[in-house]
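With compact mmCIF, N, CA and C atoms inside, this is entry.txt:
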# COMPACT_ATOMS: atom_id res chain seq x y z
N MET A 1 -6.19 -16.63 -18.27
CA MET A 1 -5.82 -15.24 -18.36
C MET A 1 -4.34 -15.13 -18.75
N ASP A 2 -4.05 -14.25 -19.65
CA ASP A 2 -2.67 -13.96 -20.04
C ASP A 2 -1.98 -13.25 -18.89
N TRP A 3 -0.80 -13.71 -18.49
CA TRP A 3 -0.10 -13.15 -17.33
C TRP A 3 0.17 -11.66 -17.50
N ARG A 4 0.29 -11.17 -18.74
CA ARG A 4 0.57 -9.74 -18.96
C ARG A 4 -0.56 -8.84 -18.45
N GLU A 5 -1.76 -9.42 -18.31
CA GLU A 5 -2.88 -8.65 -17.78
C GLU A 5 -2.66 -8.31 -16.30
N ALA A 6 -1.77 -9.03 -15.64
CA ALA A 6 -1.47 -8.76 -14.23
C ALA A 6 -0.48 -7.60 -14.08
N LEU A 7 0.08 -7.11 -15.18
CA LEU A 7 0.96 -5.94 -15.14
C LEU A 7 0.07 -4.71 -15.25
N ILE A 8 -0.18 -4.07 -14.14
CA ILE A 8 -1.18 -3.00 -14.07
C ILE A 8 -0.57 -1.67 -14.51
N ARG A 9 -1.20 -1.10 -15.54
CA ARG A 9 -0.72 0.18 -16.09
C ARG A 9 -1.84 1.21 -16.19
N ASP A 10 -3.07 0.80 -15.99
CA ASP A 10 -4.21 1.70 -16.22
C ASP A 10 -4.83 2.17 -14.91
N ASP A 11 -5.52 3.29 -14.98
CA ASP A 11 -6.15 3.88 -13.79
C ASP A 11 -7.18 2.95 -13.16
N ALA A 12 -7.94 2.24 -13.97
CA ALA A 12 -8.97 1.34 -13.41
C ALA A 12 -8.30 0.25 -12.56
N GLY A 13 -7.18 -0.27 -13.03
CA GLY A 13 -6.46 -1.28 -12.26
C GLY A 13 -5.90 -0.73 -10.97
N LEU A 14 -5.41 0.51 -10.99
CA LEU A 14 -4.90 1.14 -9.78
C LEU A 14 -6.01 1.40 -8.77
N VAL A 15 -7.14 1.91 -9.26
CA VAL A 15 -8.28 2.17 -8.37
C VAL A 15 -8.73 0.87 -7.71
N ARG A 16 -8.78 -0.20 -8.48
CA ARG A 16 -9.18 -1.51 -7.93
C ARG A 16 -8.24 -1.91 -6.80
N ILE A 17 -6.93 -1.71 -6.98
CA ILE A 17 -5.97 -2.04 -5.94
C ILE A 17 -6.26 -1.24 -4.68
N PHE A 18 -6.39 0.06 -4.82
CA PHE A 18 -6.63 0.91 -3.65
C PHE A 18 -7.93 0.56 -2.94
N ARG A 19 -8.96 0.20 -3.69
CA ARG A 19 -10.25 -0.11 -3.07
C ARG A 19 -10.28 -1.48 -2.42
N GLU A 20 -9.56 -2.44 -2.97
CA GLU A 20 -9.57 -3.80 -2.43
C GLU A 20 -8.59 -4.00 -1.28
N ALA A 21 -7.50 -3.26 -1.30
CA ALA A 21 -6.44 -3.47 -0.30
C ALA A 21 -6.88 -2.99 1.08
N ARG A 22 -6.44 -3.73 2.06
CA ARG A 22 -6.64 -3.35 3.47
C ARG A 22 -5.29 -3.29 4.19
N THR A 23 -4.38 -4.20 3.78
CA THR A 23 -3.09 -4.32 4.45
C THR A 23 -1.95 -4.15 3.46
N ILE A 24 -0.90 -3.43 3.90
CA ILE A 24 0.25 -3.15 3.04
C ILE A 24 1.53 -3.41 3.82
N ALA A 25 2.38 -4.30 3.30
CA ALA A 25 3.71 -4.49 3.85
C ALA A 25 4.65 -3.56 3.09
N VAL A 26 5.47 -2.82 3.83
CA VAL A 26 6.39 -1.84 3.22
C VAL A 26 7.80 -2.40 3.29
N LEU A 27 8.27 -2.97 2.20
CA LEU A 27 9.59 -3.57 2.12
C LEU A 27 10.62 -2.48 1.92
N GLY A 28 11.49 -2.31 2.90
CA GLY A 28 12.47 -1.22 2.87
C GLY A 28 11.99 0.00 3.63
N ALA A 29 11.06 -0.19 4.56
CA ALA A 29 10.52 0.91 5.35
C ALA A 29 11.64 1.64 6.09
N LYS A 30 11.47 2.94 6.23
CA LYS A 30 12.44 3.77 6.96
C LYS A 30 11.71 4.52 8.06
N GLY A 31 12.47 4.99 9.05
CA GLY A 31 11.88 5.69 10.19
C GLY A 31 12.06 7.19 10.16
N GLU A 32 12.75 7.71 9.15
CA GLU A 32 13.01 9.15 9.09
C GLU A 32 11.91 9.85 8.30
N PRO A 33 11.25 10.86 8.89
CA PRO A 33 10.10 11.51 8.25
C PRO A 33 10.36 12.08 6.86
N GLY A 34 11.60 12.45 6.53
CA GLY A 34 11.90 13.00 5.21
C GLY A 34 12.09 11.96 4.13
N GLU A 35 12.06 10.69 4.49
CA GLU A 35 12.27 9.61 3.52
C GLU A 35 10.93 9.15 2.91
N PRO A 36 10.89 8.97 1.58
CA PRO A 36 9.67 8.45 0.96
C PRO A 36 9.21 7.13 1.58
N ALA A 37 10.15 6.29 2.01
CA ALA A 37 9.79 4.99 2.61
C ALA A 37 9.21 5.17 4.01
N PHE A 38 9.08 6.41 4.47
CA PHE A 38 8.36 6.73 5.71
C PHE A 38 7.07 7.50 5.40
N TYR A 39 7.19 8.60 4.64
CA TYR A 39 6.00 9.45 4.49
C TYR A 39 4.95 8.87 3.55
N VAL A 40 5.33 8.02 2.59
CA VAL A 40 4.31 7.37 1.75
C VAL A 40 3.48 6.40 2.58
N PRO A 41 4.10 5.46 3.33
CA PRO A 41 3.28 4.58 4.17
C PRO A 41 2.50 5.35 5.25
N SER A 42 3.08 6.45 5.74
CA SER A 42 2.37 7.27 6.72
C SER A 42 1.09 7.84 6.11
N TYR A 43 1.18 8.32 4.89
CA TYR A 43 0.01 8.82 4.16
C TYR A 43 -1.04 7.71 4.02
N LEU A 44 -0.59 6.53 3.63
CA LEU A 44 -1.52 5.42 3.43
C LEU A 44 -2.18 4.99 4.74
N LYS A 45 -1.39 4.96 5.81
CA LYS A 45 -1.93 4.60 7.12
C LYS A 45 -3.01 5.60 7.55
N ALA A 46 -2.76 6.88 7.29
CA ALA A 46 -3.73 7.93 7.64
C ALA A 46 -5.02 7.80 6.84
N ARG A 47 -4.98 7.06 5.74
CA ARG A 47 -6.17 6.85 4.93
C ARG A 47 -6.83 5.52 5.20
N GLY A 48 -6.43 4.85 6.27
CA GLY A 48 -7.15 3.65 6.70
C GLY A 48 -6.51 2.32 6.36
N TYR A 49 -5.38 2.32 5.69
CA TYR A 49 -4.71 1.05 5.40
C TYR A 49 -3.89 0.63 6.61
N GLN A 50 -3.82 -0.66 6.87
CA GLN A 50 -2.96 -1.17 7.93
C GLN A 50 -1.59 -1.41 7.31
N VAL A 51 -0.56 -0.77 7.87
CA VAL A 51 0.78 -0.78 7.30
C VAL A 51 1.71 -1.59 8.19
N PHE A 52 2.50 -2.47 7.56
CA PHE A 52 3.47 -3.30 8.26
C PHE A 52 4.86 -3.02 7.71
N PRO A 53 5.75 -2.37 8.48
CA PRO A 53 7.10 -2.10 8.00
C PRO A 53 7.97 -3.35 8.01
N VAL A 54 8.80 -3.49 6.97
CA VAL A 54 9.71 -4.62 6.84
C VAL A 54 11.09 -4.07 6.46
N ASN A 55 12.08 -4.35 7.31
CA ASN A 55 13.44 -3.90 7.04
C ASN A 55 14.37 -4.63 7.99
N PRO A 56 15.26 -5.48 7.48
CA PRO A 56 16.12 -6.26 8.38
C PRO A 56 17.05 -5.41 9.24
N THR A 57 17.43 -4.23 8.77
CA THR A 57 18.32 -3.39 9.56
C THR A 57 17.58 -2.63 10.66
N ARG A 58 16.24 -2.64 10.62
CA ARG A 58 15.44 -1.95 11.64
C ARG A 58 14.55 -2.92 12.42
N ALA A 59 14.73 -4.22 12.23
CA ALA A 59 13.88 -5.23 12.86
C ALA A 59 13.79 -5.01 14.37
N GLY A 60 12.57 -5.09 14.86
CA GLY A 60 12.31 -4.94 16.29
C GLY A 60 12.03 -3.50 16.69
N GLU A 61 12.44 -2.53 15.87
CA GLU A 61 12.11 -1.12 16.15
C GLU A 61 10.64 -0.90 15.84
N ARG A 62 10.18 0.30 16.08
CA ARG A 62 8.81 0.67 15.73
C ARG A 62 8.86 1.78 14.70
N ILE A 63 8.10 1.59 13.63
CA ILE A 63 7.91 2.61 12.60
C ILE A 63 6.41 2.75 12.40
N LEU A 64 5.93 3.97 12.48
CA LEU A 64 4.49 4.25 12.35
C LEU A 64 3.68 3.46 13.38
N GLY A 65 4.30 3.25 14.54
CA GLY A 65 3.61 2.55 15.63
C GLY A 65 3.58 1.06 15.49
N GLU A 66 4.21 0.52 14.46
CA GLU A 66 4.21 -0.93 14.22
C GLU A 66 5.61 -1.49 14.39
N LYS A 67 5.69 -2.69 14.94
CA LYS A 67 6.98 -3.36 15.08
C LYS A 67 7.49 -3.76 13.70
N VAL A 68 8.76 -3.45 13.44
CA VAL A 68 9.36 -3.75 12.15
C VAL A 68 9.74 -5.23 12.07
N ALA A 69 9.29 -5.88 11.01
CA ALA A 69 9.66 -7.27 10.73
C ALA A 69 10.95 -7.28 9.91
N ALA A 70 11.77 -8.29 10.11
CA ALA A 70 13.02 -8.40 9.35
C ALA A 70 12.76 -8.85 7.91
N THR A 71 11.75 -9.71 7.72
CA THR A 71 11.43 -10.25 6.39
C THR A 71 9.92 -10.33 6.24
N LEU A 72 9.48 -10.52 5.03
CA LEU A 72 8.04 -10.70 4.79
C LEU A 72 7.52 -11.95 5.49
N ALA A 73 8.34 -12.98 5.57
CA ALA A 73 7.92 -14.23 6.22
C ALA A 73 7.66 -14.03 7.71
N GLU A 74 8.23 -12.98 8.30
CA GLU A 74 8.04 -12.71 9.73
C GLU A 74 6.84 -11.82 10.04
N LEU A 75 6.09 -11.45 9.03
CA LEU A 75 4.88 -10.66 9.28
C LEU A 75 3.87 -11.49 10.06
N PRO A 76 2.96 -10.83 10.79
CA PRO A 76 2.00 -11.58 11.59
C PRO A 76 0.98 -12.36 10.76
N GLY A 77 0.91 -12.07 9.48
CA GLY A 77 -0.03 -12.77 8.61
C GLY A 77 0.06 -12.23 7.20
N PRO A 78 -0.80 -12.73 6.31
CA PRO A 78 -0.78 -12.28 4.92
C PRO A 78 -1.13 -10.80 4.80
N VAL A 79 -0.65 -10.20 3.72
CA VAL A 79 -1.00 -8.82 3.39
C VAL A 79 -1.53 -8.78 1.96
N ASP A 80 -2.28 -7.72 1.66
CA ASP A 80 -2.85 -7.56 0.32
C ASP A 80 -1.82 -7.02 -0.67
N VAL A 81 -0.99 -6.08 -0.20
CA VAL A 81 -0.03 -5.41 -1.08
C VAL A 81 1.35 -5.45 -0.44
N VAL A 82 2.36 -5.75 -1.24
CA VAL A 82 3.75 -5.57 -0.83
C VAL A 82 4.26 -4.36 -1.61
N GLU A 83 4.52 -3.28 -0.88
CA GLU A 83 5.03 -2.05 -1.47
C GLU A 83 6.55 -2.07 -1.33
N VAL A 84 7.27 -1.92 -2.45
CA VAL A 84 8.71 -2.13 -2.46
C VAL A 84 9.48 -0.81 -2.62
N PHE A 85 10.28 -0.51 -1.60
CA PHE A 85 11.21 0.62 -1.62
C PHE A 85 12.63 0.06 -1.61
N ARG A 86 13.01 -0.64 -2.64
CA ARG A 86 14.34 -1.25 -2.74
C ARG A 86 14.87 -1.02 -4.15
N ARG A 87 16.18 -0.97 -4.29
CA ARG A 87 16.79 -0.75 -5.61
C ARG A 87 16.46 -1.92 -6.54
N PRO A 88 16.38 -1.63 -7.85
CA PRO A 88 16.00 -2.66 -8.82
C PRO A 88 16.83 -3.93 -8.77
N GLU A 89 18.11 -3.83 -8.46
CA GLU A 89 18.94 -5.04 -8.46
C GLU A 89 18.52 -6.04 -7.37
N PHE A 90 17.76 -5.58 -6.38
CA PHE A 90 17.30 -6.48 -5.33
C PHE A 90 15.95 -7.15 -5.66
N LEU A 91 15.30 -6.70 -6.71
CA LEU A 91 13.94 -7.18 -6.99
C LEU A 91 13.85 -8.66 -7.37
N PRO A 92 14.79 -9.23 -8.12
CA PRO A 92 14.68 -10.67 -8.37
C PRO A 92 14.69 -11.49 -7.08
N GLY A 93 15.55 -11.14 -6.14
CA GLY A 93 15.58 -11.84 -4.85
C GLY A 93 14.29 -11.66 -4.07
N HIS A 94 13.73 -10.44 -4.13
CA HIS A 94 12.46 -10.21 -3.43
C HIS A 94 11.31 -10.96 -4.10
N ALA A 95 11.34 -11.05 -5.43
CA ALA A 95 10.31 -11.83 -6.13
C ALA A 95 10.36 -13.29 -5.68
N THR A 96 11.57 -13.84 -5.59
CA THR A 96 11.72 -15.21 -5.10
C THR A 96 11.21 -15.34 -3.68
N GLU A 97 11.56 -14.38 -2.82
CA GLU A 97 11.09 -14.38 -1.43
C GLU A 97 9.56 -14.36 -1.37
N ILE A 98 8.95 -13.51 -2.17
CA ILE A 98 7.49 -13.39 -2.19
C ILE A 98 6.85 -14.69 -2.65
N LEU A 99 7.41 -15.30 -3.68
CA LEU A 99 6.83 -16.53 -4.22
C LEU A 99 7.00 -17.73 -3.30
N ARG A 100 7.92 -17.64 -2.34
CA ARG A 100 8.13 -18.73 -1.37
C ARG A 100 7.25 -18.59 -0.13
N LEU A 101 6.57 -17.48 0.02
CA LEU A 101 5.72 -17.28 1.18
C LEU A 101 4.58 -18.30 1.18
N PRO A 102 4.07 -18.68 2.35
CA PRO A 102 2.94 -19.61 2.40
C PRO A 102 1.63 -18.96 1.95
N TRP A 103 1.63 -17.67 1.77
CA TRP A 103 0.49 -16.90 1.27
C TRP A 103 0.98 -16.05 0.09
N LYS A 104 0.05 -15.55 -0.68
CA LYS A 104 0.42 -14.76 -1.84
C LYS A 104 -0.27 -13.40 -1.77
N PRO A 105 0.49 -12.29 -1.85
CA PRO A 105 -0.17 -10.99 -1.88
C PRO A 105 -0.92 -10.84 -3.20
N ALA A 106 -1.96 -10.03 -3.20
CA ALA A 106 -2.69 -9.76 -4.44
C ALA A 106 -1.87 -8.88 -5.36
N VAL A 107 -1.03 -8.02 -4.75
CA VAL A 107 -0.31 -7.00 -5.51
C VAL A 107 1.10 -6.84 -4.97
N VAL A 108 2.05 -6.62 -5.88
CA VAL A 108 3.38 -6.14 -5.52
C VAL A 108 3.56 -4.82 -6.27
N TRP A 109 3.88 -3.77 -5.52
CA TRP A 109 3.96 -2.42 -6.08
C TRP A 109 5.39 -1.91 -5.94
N PHE A 110 6.07 -1.72 -7.09
CA PHE A 110 7.42 -1.15 -7.11
C PHE A 110 7.27 0.37 -7.16
N GLN A 111 7.82 1.05 -6.18
CA GLN A 111 7.68 2.50 -6.07
C GLN A 111 8.31 3.25 -7.24
N LEU A 112 8.05 4.54 -7.29
CA LEU A 112 8.53 5.41 -8.36
C LEU A 112 10.04 5.27 -8.52
N GLY A 113 10.48 5.07 -9.75
CA GLY A 113 11.90 4.91 -10.05
C GLY A 113 12.38 3.48 -9.92
N ILE A 114 11.49 2.56 -9.54
CA ILE A 114 11.87 1.17 -9.33
C ILE A 114 11.17 0.30 -10.38
N ARG A 115 11.99 -0.36 -11.19
CA ARG A 115 11.45 -1.19 -12.26
C ARG A 115 12.40 -2.37 -12.49
N HIS A 116 11.80 -3.54 -12.70
CA HIS A 116 12.57 -4.73 -13.08
C HIS A 116 11.60 -5.65 -13.80
N ASP A 117 11.66 -5.59 -15.13
CA ASP A 117 10.67 -6.31 -15.94
C ASP A 117 10.68 -7.82 -15.71
N ALA A 118 11.85 -8.42 -15.53
CA ALA A 118 11.91 -9.88 -15.32
C ALA A 118 11.27 -10.26 -13.99
N ALA A 119 11.56 -9.51 -12.93
CA ALA A 119 10.95 -9.81 -11.62
C ALA A 119 9.44 -9.59 -11.69
N ALA A 120 9.01 -8.53 -12.37
CA ALA A 120 7.58 -8.26 -12.51
C ALA A 120 6.89 -9.40 -13.26
N ALA A 121 7.53 -9.88 -14.32
CA ALA A 121 6.94 -10.98 -15.11
C ALA A 121 6.84 -12.25 -14.28
N GLU A 122 7.86 -12.53 -13.48
CA GLU A 122 7.83 -13.72 -12.62
C GLU A 122 6.66 -13.67 -11.64
N LEU A 123 6.45 -12.52 -11.03
CA LEU A 123 5.34 -12.35 -10.10
C LEU A 123 4.00 -12.44 -10.83
N ALA A 124 3.91 -11.78 -11.98
CA ALA A 124 2.66 -11.79 -12.76
C ALA A 124 2.30 -13.20 -13.22
N ARG A 125 3.29 -13.97 -13.60
CA ARG A 125 3.03 -15.36 -14.02
C ARG A 125 2.47 -16.19 -12.86
N ALA A 126 2.76 -15.77 -11.64
CA ALA A 126 2.24 -16.47 -10.46
C ALA A 126 0.86 -15.96 -10.06
N GLY A 127 0.31 -15.03 -10.86
CA GLY A 127 -1.03 -14.53 -10.59
C GLY A 127 -1.07 -13.32 -9.67
N ILE A 128 0.07 -12.69 -9.45
CA ILE A 128 0.15 -11.50 -8.60
C ILE A 128 0.13 -10.27 -9.50
N ARG A 129 -0.74 -9.32 -9.20
CA ARG A 129 -0.75 -8.07 -9.95
C ARG A 129 0.49 -7.26 -9.58
N VAL A 130 1.09 -6.60 -10.56
CA VAL A 130 2.32 -5.85 -10.35
C VAL A 130 2.17 -4.44 -10.93
N VAL A 131 2.61 -3.47 -10.13
CA VAL A 131 2.69 -2.08 -10.57
C VAL A 131 4.16 -1.70 -10.49
N GLN A 132 4.67 -1.06 -11.54
CA GLN A 132 6.07 -0.65 -11.55
C GLN A 132 6.20 0.86 -11.72
N ASP A 133 7.23 1.42 -11.09
CA ASP A 133 7.65 2.79 -11.32
C ASP A 133 6.52 3.81 -11.09
N ARG A 134 5.77 3.62 -10.01
CA ARG A 134 4.73 4.57 -9.62
C ARG A 134 4.74 4.70 -8.11
N CYS A 135 4.43 5.88 -7.63
CA CYS A 135 4.36 6.11 -6.19
C CYS A 135 2.90 6.00 -5.73
N MET A 136 2.67 5.22 -4.69
CA MET A 136 1.31 5.02 -4.21
C MET A 136 0.65 6.30 -3.73
N MET A 137 1.40 7.20 -3.12
CA MET A 137 0.80 8.41 -2.54
C MET A 137 0.19 9.33 -3.61
N PRO A 138 0.96 9.79 -4.61
CA PRO A 138 0.33 10.65 -5.61
C PRO A 138 -0.71 9.93 -6.46
N GLU A 139 -0.53 8.63 -6.68
CA GLU A 139 -1.55 7.89 -7.44
C GLU A 139 -2.85 7.82 -6.64
N HIS A 140 -2.75 7.58 -5.34
CA HIS A 140 -3.95 7.56 -4.49
C HIS A 140 -4.62 8.93 -4.51
N ARG A 141 -3.83 9.99 -4.31
CA ARG A 141 -4.38 11.36 -4.33
C ARG A 141 -5.07 11.66 -5.66
N ARG A 142 -4.41 11.30 -6.74
CA ARG A 142 -4.94 11.61 -8.08
C ARG A 142 -6.24 10.85 -8.36
N LEU A 143 -6.30 9.59 -7.94
CA LEU A 143 -7.43 8.75 -8.28
C LEU A 143 -8.56 8.76 -7.25
N LEU A 144 -8.22 8.91 -5.96
CA LEU A 144 -9.23 8.84 -4.91
C LEU A 144 -9.31 10.11 -4.08
N GLY A 145 -8.44 11.07 -4.35
CA GLY A 145 -8.40 12.27 -3.52
C GLY A 145 -7.70 11.95 -2.21
N ASP A 146 -7.72 12.87 -1.30
CA ASP A 146 -7.05 12.69 -0.01
C ASP A 146 -7.90 11.93 0.99
N ALA A 147 -9.09 11.53 0.58
CA ALA A 147 -10.02 10.86 1.50
C ALA A 147 -9.52 9.45 1.85
N ALA A 148 -10.01 8.97 2.95
CA ALA A 148 -9.75 7.58 3.34
C ALA A 148 -10.46 6.66 2.36
N ARG A 149 -9.99 5.40 2.33
CA ARG A 149 -10.60 4.42 1.41
C ARG A 149 -12.07 4.51 1.57

What is this structure when it is put down as structure tokens?
Amino acid sequence: MDWREALIRDDAGLVRIFREARTIAVLGAKGEPGEPAFYVPSYLKARGYQVFPVNPTRAGERILGEKVAATLAELPGPVDVVEVFRRPEFLPGHATEILRLPWKPAVVWFQLGIRHDAAAAELARAGIRVVQDRCMMPEHRRLLGDAAR
């Protein structure tokens, strides 16, 4: 398979992600209800996804009822999707972090306004599907409605 096929841009690819995923790690999770890094994962959790917040500055706190991990490596186990709420300049380091994990997520999703083609290509070459510059909440609503998975 050509690695570029792992760069998901079409609705069918997005629907497949939403239907296959069960667990989502939220890199850059926040605890304030007005922040997208809080209300997007909250929306997803309400639709049946298990959400794991990751943020080194909030480690040990609880967000959405879950204990915050400092890093992806500190999660209790593998996840299907790593949802990224971090500025683009941090994405190469996060791609390296993801590729060093003892497990591999099926998908890495860069939220709306977040794009880094080199980091996306590195992940895609490793067989990880990548979505860039899209928000999971409106895409889920648009493609699956407000219903749970």

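Residues in contact with Gly28 in chain A at 8 Å, where all atoms listed in the file are counted and same-chain residues fewer than 6 positions away are skipped, are listed as Pro36, Ala37, Phe38, Pro53, Val54, Asn55, Pro56, Glu83, Val84, Phe85 and Arg86 of chain A.
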
Nearby residues, (-1.3, -2.1, -7.2) file frame, 6.5 Å, only N, CA and C atoms, as an MDAnalysis selection string: chainID A and resid 13:14 17:18 107:109 129:131

Write out the residues from the selection above, keeping N, CA and C atoms, as an mmCIF file, in the coordinates of the input.
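Writing done, so here's part_27.cif:
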data_model
loop_
_atom_site.group_PDB
_atom_site.id
_atom_site.type_symbol
_atom_site.label_atom_id
_atom_site.label_comp_id
_atom_site.auth_asym_id
_atom_site.auth_seq_id
_atom_site.Cartn_x
_atom_site.Cartn_y
_atom_site.Cartn_z
ATOM 1 N N GLY A 13 -7.180 -0.270 -13.030
ATOM 2 C CA GLY A 13 -6.460 -1.280 -12.260
ATOM 3 C C GLY A 13 -5.900 -0.730 -10.970
ATOM 4 N N LEU A 14 -5.410 0.510 -10.990
ATOM 5 C CA LEU A 14 -4.900 1.140 -9.780
ATOM 6 C C LEU A 14 -6.010 1.400 -8.770
ATOM 7 N N ILE A 17 -6.930 -1.710 -6.980
ATOM 8 C CA ILE A 17 -5.970 -2.040 -5.940
ATOM 9 C C ILE A 17 -6.260 -1.240 -4.680
ATOM 10 N N PHE A 18 -6.390 0.060 -4.820
ATOM 11 C CA PHE A 18 -6.630 0.910 -3.650
ATOM 12 C C PHE A 18 -7.930 0.560 -2.940
ATOM 13 N N VAL A 107 -1.030 -8.020 -4.750
ATOM 14 C CA VAL A 107 -0.310 -7.000 -5.510
ATOM 15 C C VAL A 107 1.100 -6.840 -4.970
ATOM 16 N N VAL A 108 2.050 -6.620 -5.880
ATOM 17 C CA VAL A 108 3.380 -6.140 -5.520
ATOM 18 C C VAL A 108 3.560 -4.820 -6.270
ATOM 19 N N TRP A 109 3.880 -3.770 -5.520
ATOM 20 C CA TRP A 109 3.960 -2.420 -6.080
ATOM 21 C C TRP A 109 5.390 -1.910 -5.940
ATOM 22 N N ARG A 129 -0.740 -9.320 -9.200
ATOM 23 C CA ARG A 129 -0.750 -8.070 -9.950
ATOM 24 C C ARG A 129 0.490 -7.260 -9.580
ATOM 25 N N VAL A 130 1.090 -6.600 -10.560
ATOM 26 C CA VAL A 130 2.320 -5.850 -10.350
ATOM 27 C C VAL A 130 2.170 -4.440 -10.930
ATOM 28 N N VAL A 131 2.610 -3.470 -10.130
ATOM 29 C CA VAL A 131 2.690 -2.080 -10.570
ATOM 30 C C VAL A 131 4.160 -1.700 -10.490
#

Give the strand (DSSP E or B) residues of chain A, as DSSP finds them on the backbone, and put them as a count of residues only. 27

Separation of CA of Ala73 in chain A and atom N of His116 in chain A, in Å? 22.1 Å

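Using only N, CA and C atoms, the shortest contact distance between Glu20 in chain A and any of A:Arg134, A:Gly34, A:Val81, A:Ile98 is found at A:Val81.
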
Restricting the calculation to all atoms listed in the file, which member of A:Leu123, A:Val40, A:Val79, A:Ala70 is positioned closest to Thr23 in chain A? A:Val79

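Going from atom C of Gly60 in chain A to CA of Leu72 in chain A covers 14.5 Å.
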
Record the distance separating atom C of Arg142 in chain A and CA of Arg19 in chain A, expressed in Å with one decimal. 12.8 Å

If we count only C-alpha atoms and set the cut-off at 12 Å, which residues sit around Ala124 in chain A, ignoring sequence neighbours fewer than 5 positions away in its own chain? Please answer as a PyMOL selection string. chain A and resi 1-8+95+98-99+104-109+117-119+129-132

For a quick check of understanding, using all atoms listed in the file, which of A:Ala59, A:Asp80, A:Lys67, A:Tyr39 has the smallest distance to Ile24 in chain A? A:Asp80

Pick out each residue of range 7-145 of chain A that DSSP on the backbone tags as alpha helix (DSSP H); I need them as a PyMOL selection string. chain A and resi 11-20+36-46+91-100+117-125+136-144

Neighbouring residues of Pro41 in chain A were defined as those with any atom within 8 Å, considering all atoms listed in the file; residues of the same chain fewer than 3 positions away were excluded. Please report them as a VMD selection string. chain A and resid 26 35 to 38 44 to 47 51 to 52 64 136 to 137

When you look at Ile114 in chain A with a cut-off of 7 Å (counting only C-alpha atoms), what residues show up, excluding the ones that are within fewer than 5 positions of it in the same chain? I need them as a CSV table (one decimal) with N, CA and C atoms, in the frame of the given file.
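Wrote it out as selection35.csv, contents follow:
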chain,number,residue,atom,x,y,z
A,87,ARG,N,16.2,-1.0,-4.3
A,87,ARG,CA,16.8,-0.8,-5.6
A,87,ARG,C,16.5,-1.9,-6.5
A,88,PRO,N,16.4,-1.6,-7.8
A,88,PRO,CA,16.0,-2.7,-8.8
A,88,PRO,C,16.8,-3.9,-8.8
A,132,GLN,N,4.7,-1.1,-11.5
A,132,GLN,CA,6.1,-0.6,-11.6
A,132,GLN,C,6.2,0.9,-11.7
A,133,ASP,N,7.2,1.4,-11.1
A,133,ASP,CA,7.6,2.8,-11.3
A,133,ASP,C,6.5,3.8,-11.1
